[in-house]
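Each remark here refers to the structure printed beneath this line.
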Amino acid sequence: MKLGVLASWRGTNFKAILDHIQLGVLRGVEPVVLIYSDENAPVREIARKYGVEAHFVRHKGVSRPEREAAMAELLRRHGVDVVALAGYDYILSYGFISQFKLVLNIHPSLLPFAGGKGMYGMRVHMEVYRAGVRVTGPTVHVVDESVDGGPVVDQWPVYIGDVYSLPLSRDEKIQIIADRVLIFEHRLYSRVLQAVADGLLELYEESVKVPVVVEESGRLRVEEAEQRVKRAVLRVWDGWLKEWHERQRVYVEHQLKEWGGKALDLILPPWLRG
């Protein structure tokens, strides 16, 4: 499966995908091109280090049709099957998305919570902290023309209930939440990509019932209405998951070493490390 990656700045999820491949964990996935939107983005150095062709496509001051045409041409030229967004800061049009078999994104919350317009980067974790939820985590979803509204493919619940009582400032606790979720983002994205490469992703539509609140004469009444929704399901089984988790241990060990220079016992206590 030929993979094209769109990124805007750091590209840590891009690096995690490349590490999974380099360590022999993620198989049958070939990252053939990186497209980045900021000329000085550190992600370009990740591509250079790992030997992936990288192209800068200017976004600021350029119309969406113009930049999307340039990106689509690059992706087609490299024979890309699947496009993965890795910290890409722009909304894609249906015209762009429809040119490819699949476009995926990873978001740092359990969608639909803390998703939508304006919810990116630390803003997501600020909203998680404000709500006081005990579980958050990353979501991989299919990209459509909405903002974070495409079908959910997979999620990784991450416990953060211990963070609120830490003797730290609010900002420090939010940073711990962000770092903790990022660690599991790096594990989840490659798991999904492996399942997609193995042909285990199924996309379909389903009719569901949704509650509709109607106000009549100052009273509220709830009715049910039918709605069509898009689904994304990974048809994985216990044996597949067991084999993946065994393979991914190599990456987990590599990842923990990379994070070892930080406050790892706070970011990821031993009982959460996997």
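In the structure tokens, each chain is lettered A, B, ... as it comes, each chain's residues begin at 1, and ligands are numbered from 1 in order of appearance.
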Check the DSSP output for the backbone and give back, as a PyMOL selection string, the residues of range 72-226 of chain A in strand (DSSP E).
chain A and resi 82-85+102-107+135-136+139-142+152-155+158-159+201-216+219-226
With N, CA and C atoms kept, could you save the residues just selected as a short mmCIF file (atom, residue, chain, number, x, y, z; two decimals), in the first residue's frame?
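Okay, this is what ended up in selection-v2.cif:
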```
data_model
loop_
_atom_site.label_atom_id
_atom_site.label_comp_id
_atom_site.auth_asym_id
_atom_site.auth_seq_id
_atom_site.Cartn_x
_atom_site.Cartn_y
_atom_site.Cartn_z
N VAL A 82 -3.45 5.47 -0.27
CA VAL A 82 -4.07 5.99 0.95
C VAL A 82 -3.34 7.26 1.37
N VAL A 83 -4.09 8.27 1.79
CA VAL A 83 -3.52 9.53 2.28
C VAL A 83 -3.74 9.59 3.78
N ALA A 84 -2.68 9.89 4.52
CA ALA A 84 -2.77 10.02 5.98
C ALA A 84 -2.42 11.44 6.37
N LEU A 85 -3.32 12.08 7.12
CA LEU A 85 -3.04 13.41 7.65
C LEU A 85 -2.33 13.25 9.00
N LEU A 102 -8.75 6.32 0.02
CA LEU A 102 -9.03 6.55 1.44
C LEU A 102 -8.17 7.70 1.94
N VAL A 103 -8.76 8.58 2.75
CA VAL A 103 -8.02 9.64 3.43
C VAL A 103 -8.31 9.51 4.92
N LEU A 104 -7.26 9.40 5.73
CA LEU A 104 -7.40 9.21 7.17
C LEU A 104 -6.81 10.39 7.92
N ASN A 105 -7.33 10.60 9.13
CA ASN A 105 -6.77 11.61 10.03
C ASN A 105 -6.76 11.05 11.45
N ILE A 106 -5.85 11.57 12.27
CA ILE A 106 -5.84 11.22 13.69
C ILE A 106 -6.08 12.49 14.50
N HIS A 107 -6.98 12.37 15.47
CA HIS A 107 -7.38 13.51 16.30
C HIS A 107 -7.12 13.16 17.76
N VAL A 135 -11.36 9.76 31.06
CA VAL A 135 -10.82 9.00 29.93
C VAL A 135 -10.85 9.87 28.69
N THR A 136 -9.72 9.94 28.01
CA THR A 136 -9.63 10.63 26.72
C THR A 136 -8.88 9.68 25.78
N THR A 139 -8.33 9.36 18.24
CA THR A 139 -9.29 8.78 17.30
C THR A 139 -8.71 8.84 15.90
N VAL A 140 -8.76 7.72 15.18
CA VAL A 140 -8.49 7.74 13.74
C VAL A 140 -9.84 7.69 13.03
N HIS A 141 -10.03 8.62 12.10
CA HIS A 141 -11.31 8.67 11.38
C HIS A 141 -11.08 8.89 9.90
N VAL A 142 -12.07 8.51 9.13
CA VAL A 142 -12.06 8.79 7.70
C VAL A 142 -12.33 10.27 7.50
N VAL A 152 -15.69 7.22 12.34
CA VAL A 152 -14.61 6.78 13.24
C VAL A 152 -14.14 5.39 12.83
N VAL A 153 -12.83 5.23 12.70
CA VAL A 153 -12.24 3.94 12.35
C VAL A 153 -11.81 3.19 13.61
N ASP A 154 -11.10 3.87 14.50
CA ASP A 154 -10.63 3.23 15.73
C ASP A 154 -10.28 4.31 16.75
N GLN A 155 -10.31 3.91 18.03
CA GLN A 155 -9.97 4.80 19.13
C GLN A 155 -9.14 4.04 20.15
N VAL A 158 -7.58 6.38 26.87
CA VAL A 158 -6.41 6.66 27.71
C VAL A 158 -6.89 7.23 29.04
N TYR A 159 -6.54 6.59 30.14
CA TYR A 159 -6.96 7.04 31.46
C TYR A 159 -6.15 8.25 31.90
N LEU A 201 -10.53 -2.98 6.42
CA LEU A 201 -11.41 -1.84 6.65
C LEU A 201 -12.64 -1.95 5.76
N GLU A 202 -13.81 -1.86 6.36
CA GLU A 202 -15.07 -1.89 5.61
C GLU A 202 -15.81 -0.58 5.81
N LEU A 203 -16.24 0.03 4.72
CA LEU A 203 -17.00 1.27 4.75
C LEU A 203 -18.40 0.99 4.22
N TYR A 204 -19.40 1.47 4.94
CA TYR A 204 -20.77 1.27 4.50
C TYR A 204 -21.68 2.33 5.14
N GLU A 205 -22.94 2.34 4.74
CA GLU A 205 -23.92 3.25 5.32
C GLU A 205 -24.98 2.45 6.08
N GLU A 206 -25.54 3.07 7.10
CA GLU A 206 -26.53 2.41 7.93
C GLU A 206 -27.60 3.43 8.31
N SER A 207 -28.83 2.96 8.42
CA SER A 207 -29.92 3.79 8.88
C SER A 207 -30.04 3.66 10.40
N VAL A 208 -30.06 4.79 11.10
CA VAL A 208 -30.16 4.76 12.56
C VAL A 208 -31.30 5.68 12.99
N LYS A 209 -31.78 5.47 14.21
CA LYS A 209 -32.80 6.35 14.78
C LYS A 209 -32.13 7.37 15.69
N VAL A 210 -32.54 8.62 15.55
CA VAL A 210 -31.98 9.68 16.39
C VAL A 210 -33.12 10.43 17.07
N PRO A 211 -32.92 10.84 18.33
CA PRO A 211 -33.97 11.60 19.02
C PRO A 211 -34.03 13.04 18.54
N VAL A 212 -35.24 13.50 18.35
CA VAL A 212 -35.47 14.89 17.94
C VAL A 212 -36.39 15.53 18.96
N VAL A 213 -35.94 16.63 19.55
CA VAL A 213 -36.72 17.32 20.57
C VAL A 213 -37.60 18.38 19.91
N VAL A 214 -38.89 18.30 20.17
CA VAL A 214 -39.85 19.24 19.59
C VAL A 214 -40.53 19.99 20.74
N GLU A 215 -40.65 21.32 20.61
CA GLU A 215 -41.33 22.12 21.63
C GLU A 215 -42.73 22.47 21.15
N GLU A 216 -43.71 22.16 21.99
CA GLU A 216 -45.09 22.48 21.67
C GLU A 216 -45.77 23.08 22.90
N ARG A 219 -44.03 22.89 26.15
CA ARG A 219 -43.63 21.57 26.63
C ARG A 219 -42.72 20.90 25.59
N LEU A 220 -41.84 20.05 26.08
CA LEU A 220 -40.91 19.36 25.20
C LEU A 220 -41.40 17.94 24.93
N ARG A 221 -41.30 17.55 23.68
CA ARG A 221 -41.65 16.20 23.27
C ARG A 221 -40.51 15.62 22.45
N VAL A 222 -40.19 14.37 22.66
CA VAL A 222 -39.09 13.72 21.94
C VAL A 222 -39.65 12.76 20.91
N GLU A 223 -39.23 12.94 19.68
CA GLU A 223 -39.61 12.05 18.60
C GLU A 223 -38.37 11.33 18.08
N GLU A 224 -38.59 10.26 17.36
CA GLU A 224 -37.49 9.54 16.72
C GLU A 224 -37.54 9.75 15.22
N ALA A 225 -36.39 10.02 14.65
CA ALA A 225 -36.29 10.20 13.21
C ALA A 225 -35.18 9.30 12.68
N GLU A 226 -35.31 8.87 11.44
CA GLU A 226 -34.28 8.02 10.84
C GLU A 226 -33.26 8.90 10.12
#
```
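When CA of Ser8 in chain A is paired with CA of Val181 in chain A, their separation reads 19.3 Å.
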Which polymer residues have any atom within 9 Å of an atom of Ala69 in chain A, counting only C-alpha atoms, with same-chain residues fewer than 5 positions away left out, as a PyMOL selection string?
chain A and resi 64+74+96
I need the residues in range 9-57 of chain A that are alpha helix (DSSP H) according to DSSP; give them as a PDB file with N, CA and C atoms, in the first residue's frame.
```
ATOM      1  N   THR A  12       5.141  14.424  14.308  1.00  0.00           N
ATOM      2  CA  THR A  12       5.535  13.314  15.180  1.00  0.00           C
ATOM      3  C   THR A  12       4.789  12.026  14.834  1.00  0.00           C
ATOM      4  N   ASN A  13       3.544  12.124  14.383  1.00  0.00           N
ATOM      5  CA  ASN A  13       2.836  10.921  13.960  1.00  0.00           C
ATOM      6  C   ASN A  13       3.450  10.338  12.692  1.00  0.00           C
ATOM      7  N   PHE A  14       3.923  11.193  11.821  1.00  0.00           N
ATOM      8  CA  PHE A  14       4.644  10.740  10.625  1.00  0.00           C
ATOM      9  C   PHE A  14       5.893   9.968  11.029  1.00  0.00           C
ATOM     10  N   LYS A  15       6.651  10.499  11.957  1.00  0.00           N
ATOM     11  CA  LYS A  15       7.851   9.807  12.437  1.00  0.00           C
ATOM     12  C   LYS A  15       7.499   8.456  13.064  1.00  0.00           C
ATOM     13  N   ALA A  16       6.406   8.411  13.826  1.00  0.00           N
ATOM     14  CA  ALA A  16       6.010   7.155  14.464  1.00  0.00           C
ATOM     15  C   ALA A  16       5.681   6.096  13.422  1.00  0.00           C
ATOM     16  N   ILE A  17       5.033   6.487  12.340  1.00  0.00           N
ATOM     17  CA  ILE A  17       4.739   5.545  11.256  1.00  0.00           C
ATOM     18  C   ILE A  17       6.035   5.022  10.653  1.00  0.00           C
ATOM     19  N   LEU A  18       6.971   5.925  10.405  1.00  0.00           N
ATOM     20  CA  LEU A  18       8.260   5.518   9.827  1.00  0.00           C
ATOM     21  C   LEU A  18       9.029   4.615  10.777  1.00  0.00           C
ATOM     22  N   ASP A  19       8.967   4.887  12.076  1.00  0.00           N
ATOM     23  CA  ASP A  19       9.638   4.028  13.055  1.00  0.00           C
ATOM     24  C   ASP A  19       9.016   2.634  13.075  1.00  0.00           C
ATOM     25  N   HIS A  20       7.701   2.568  13.011  1.00  0.00           N
ATOM     26  CA  HIS A  20       7.033   1.264  12.953  1.00  0.00           C
ATOM     27  C   HIS A  20       7.505   0.462  11.736  1.00  0.00           C
ATOM     28  N   ILE A  21       7.662   1.133  10.611  1.00  0.00           N
ATOM     29  CA  ILE A  21       8.115   0.456   9.393  1.00  0.00           C
ATOM     30  C   ILE A  21       9.569   0.028   9.531  1.00  0.00           C
ATOM     31  N   GLN A  22      10.409   0.939   9.993  1.00  0.00           N
ATOM     32  CA  GLN A  22      11.838   0.659  10.123  1.00  0.00           C
ATOM     33  C   GLN A  22      12.107  -0.487  11.087  1.00  0.00           C
ATOM     34  N   VAL A  43       8.960  18.795  10.083  1.00  0.00           N
ATOM     35  CA  VAL A  43       8.638  17.490   9.508  1.00  0.00           C
ATOM     36  C   VAL A  43       9.469  17.196   8.261  1.00  0.00           C
ATOM     37  N   ARG A  44       9.908  18.228   7.569  1.00  0.00           N
ATOM     38  CA  ARG A  44      10.706  17.982   6.366  1.00  0.00           C
ATOM     39  C   ARG A  44      12.025  17.310   6.699  1.00  0.00           C
ATOM     40  N   GLU A  45      12.565  17.609   7.898  1.00  0.00           N
ATOM     41  CA  GLU A  45      13.820  16.983   8.320  1.00  0.00           C
ATOM     42  C   GLU A  45      13.598  15.513   8.682  1.00  0.00           C
ATOM     43  N   ILE A  46      12.414  15.191   9.194  1.00  0.00           N
ATOM     44  CA  ILE A  46      12.090  13.783   9.463  1.00  0.00           C
ATOM     45  C   ILE A  46      12.089  13.004   8.153  1.00  0.00           C
ATOM     46  N   ALA A  47      11.462  13.566   7.119  1.00  0.00           N
ATOM     47  CA  ALA A  47      11.434  12.905   5.814  1.00  0.00           C
ATOM     48  C   ALA A  47      12.847  12.712   5.267  1.00  0.00           C
ATOM     49  N   ARG A  48      13.689  13.738   5.399  1.00  0.00           N
ATOM     50  CA  ARG A  48      15.061  13.634   4.895  1.00  0.00           C
ATOM     51  C   ARG A  48      15.830  12.535   5.629  1.00  0.00           C
ATOM     52  N   LYS A  49      15.686  12.484   6.945  1.00  0.00           N
ATOM     53  CA  LYS A  49      16.394  11.496   7.754  1.00  0.00           C
ATOM     54  C   LYS A  49      15.988  10.077   7.391  1.00  0.00           C
ATOM     55  N   TYR A  50      14.712   9.864   7.089  1.00  0.00           N
ATOM     56  CA  TYR A  50      14.208   8.517   6.813  1.00  0.00           C
ATOM     57  C   TYR A  50      14.162   8.198   5.318  1.00  0.00           C
TER      58      TYR A  50
END
```
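Distance check against Val33 in chain A using only C-alpha atoms: of A:Gly239, A:Ser63, A:Glu68, A:His78, the minimum falls on A:His78.
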Can you tell me which residues surround Gly149 in chain A at a distance of at most 9 Å, considering only C-alpha atoms, apart from same-chain residues fewer than 4 positions away, and format the answer as a CSV table (one decimal) with N, CA and C atoms, in the first residue's frame?
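Below you can see part_19.csv, which holds the result:
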```csv
chain,number,residue,atom,x,y,z
A,111,LEU,N,-13.4,11.4,19.6
A,111,LEU,CA,-14.5,12.1,18.9
A,111,LEU,C,-15.8,11.3,19.1
A,112,PRO,N,-16.9,12.1,19.2
A,112,PRO,CA,-17.0,13.5,18.7
A,112,PRO,C,-16.7,14.6,19.8
A,115,GLY,N,-14.1,17.9,19.3
A,115,GLY,CA,-13.7,17.9,17.9
A,115,GLY,C,-14.4,19.1,17.2
A,116,GLY,N,-14.2,19.3,16.0
A,116,GLY,CA,-14.9,20.3,15.2
A,116,GLY,C,-14.0,21.6,15.0
A,141,HIS,N,-10.0,8.6,12.1
A,141,HIS,CA,-11.3,8.7,11.4
A,141,HIS,C,-11.1,8.9,9.9
A,142,VAL,N,-12.1,8.5,9.1
A,142,VAL,CA,-12.1,8.8,7.7
A,142,VAL,C,-12.3,10.3,7.5
A,143,VAL,N,-11.6,10.9,6.6
A,143,VAL,CA,-11.7,12.3,6.4
A,143,VAL,C,-12.8,12.5,5.3
A,144,ASP,N,-13.8,13.4,5.7
A,144,ASP,CA,-14.7,13.9,4.7
A,144,ASP,C,-14.6,15.5,4.7
A,145,GLU,N,-15.6,16.1,4.1
A,145,GLU,CA,-15.5,17.6,3.9
A,145,GLU,C,-15.9,18.3,5.2
```
Could you pull the residues within 9 Å of Tyr129 in chain A, counting only C-alpha atoms, minus those fewer than 3 positions along the same chain, as an mmCIF file with N, CA, C and O atoms, in the first residue's frame?
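Here's the written file selection.cif:
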```cif
data_model
loop_
_atom_site.group_PDB
_atom_site.id
_atom_site.type_symbol
_atom_site.label_atom_id
_atom_site.label_comp_id
_atom_site.auth_asym_id
_atom_site.auth_seq_id
_atom_site.Cartn_x
_atom_site.Cartn_y
_atom_site.Cartn_z
ATOM 1 N N VAL A 124 -7.641 21.153 22.228
ATOM 2 C CA VAL A 124 -8.372 19.911 22.484
ATOM 3 C C VAL A 124 -8.169 19.475 23.929
ATOM 4 O O VAL A 124 -9.124 19.156 24.648
ATOM 5 N N HIS A 125 -6.934 19.496 24.386
ATOM 6 C CA HIS A 125 -6.622 19.017 25.736
ATOM 7 C C HIS A 125 -7.106 20.006 26.802
ATOM 8 O O HIS A 125 -7.456 19.592 27.915
ATOM 9 N N MET A 126 -7.149 21.281 26.450
ATOM 10 C CA MET A 126 -7.726 22.262 27.371
ATOM 11 C C MET A 126 -9.202 21.972 27.600
ATOM 12 O O MET A 126 -9.711 22.071 28.718
ATOM 13 N N GLY A 132 -13.174 17.776 32.829
ATOM 14 C CA GLY A 132 -12.857 16.885 33.936
ATOM 15 C C GLY A 132 -13.075 15.419 33.634
ATOM 16 O O GLY A 132 -13.238 14.609 34.562
ATOM 17 N N VAL A 133 -13.061 15.037 32.356
ATOM 18 C CA VAL A 133 -13.276 13.635 32.008
ATOM 19 C C VAL A 133 -12.111 12.784 32.496
ATOM 20 O O VAL A 133 -10.975 13.252 32.618
ATOM 21 N N TYR A 164 -5.528 15.004 37.528
ATOM 22 C CA TYR A 164 -6.144 16.178 38.150
ATOM 23 C C TYR A 164 -5.612 16.459 39.558
ATOM 24 O O TYR A 164 -5.548 17.615 39.979
ATOM 25 N N ARG A 170 -2.095 24.136 36.498
ATOM 26 C CA ARG A 170 -3.075 23.734 35.486
ATOM 27 C C ARG A 170 -2.405 23.464 34.141
ATOM 28 O O ARG A 170 -2.664 22.441 33.498
ATOM 29 N N LYS A 173 -0.473 20.218 34.030
ATOM 30 C CA LYS A 173 -1.341 19.037 33.965
ATOM 31 C C LYS A 173 -1.924 18.860 32.554
ATOM 32 O O LYS A 173 -2.027 17.726 32.064
ATOM 33 N N ILE A 174 -2.270 19.959 31.915
ATOM 34 C CA ILE A 174 -2.773 19.866 30.544
ATOM 35 C C ILE A 174 -1.683 19.334 29.618
ATOM 36 O O ILE A 174 -1.950 18.524 28.721
ATOM 37 N N ILE A 177 -1.488 15.597 29.991
ATOM 38 C CA ILE A 177 -2.565 14.963 29.234
ATOM 39 C C ILE A 177 -2.221 14.910 27.753
ATOM 40 O O ILE A 177 -2.387 13.878 27.092
#
```
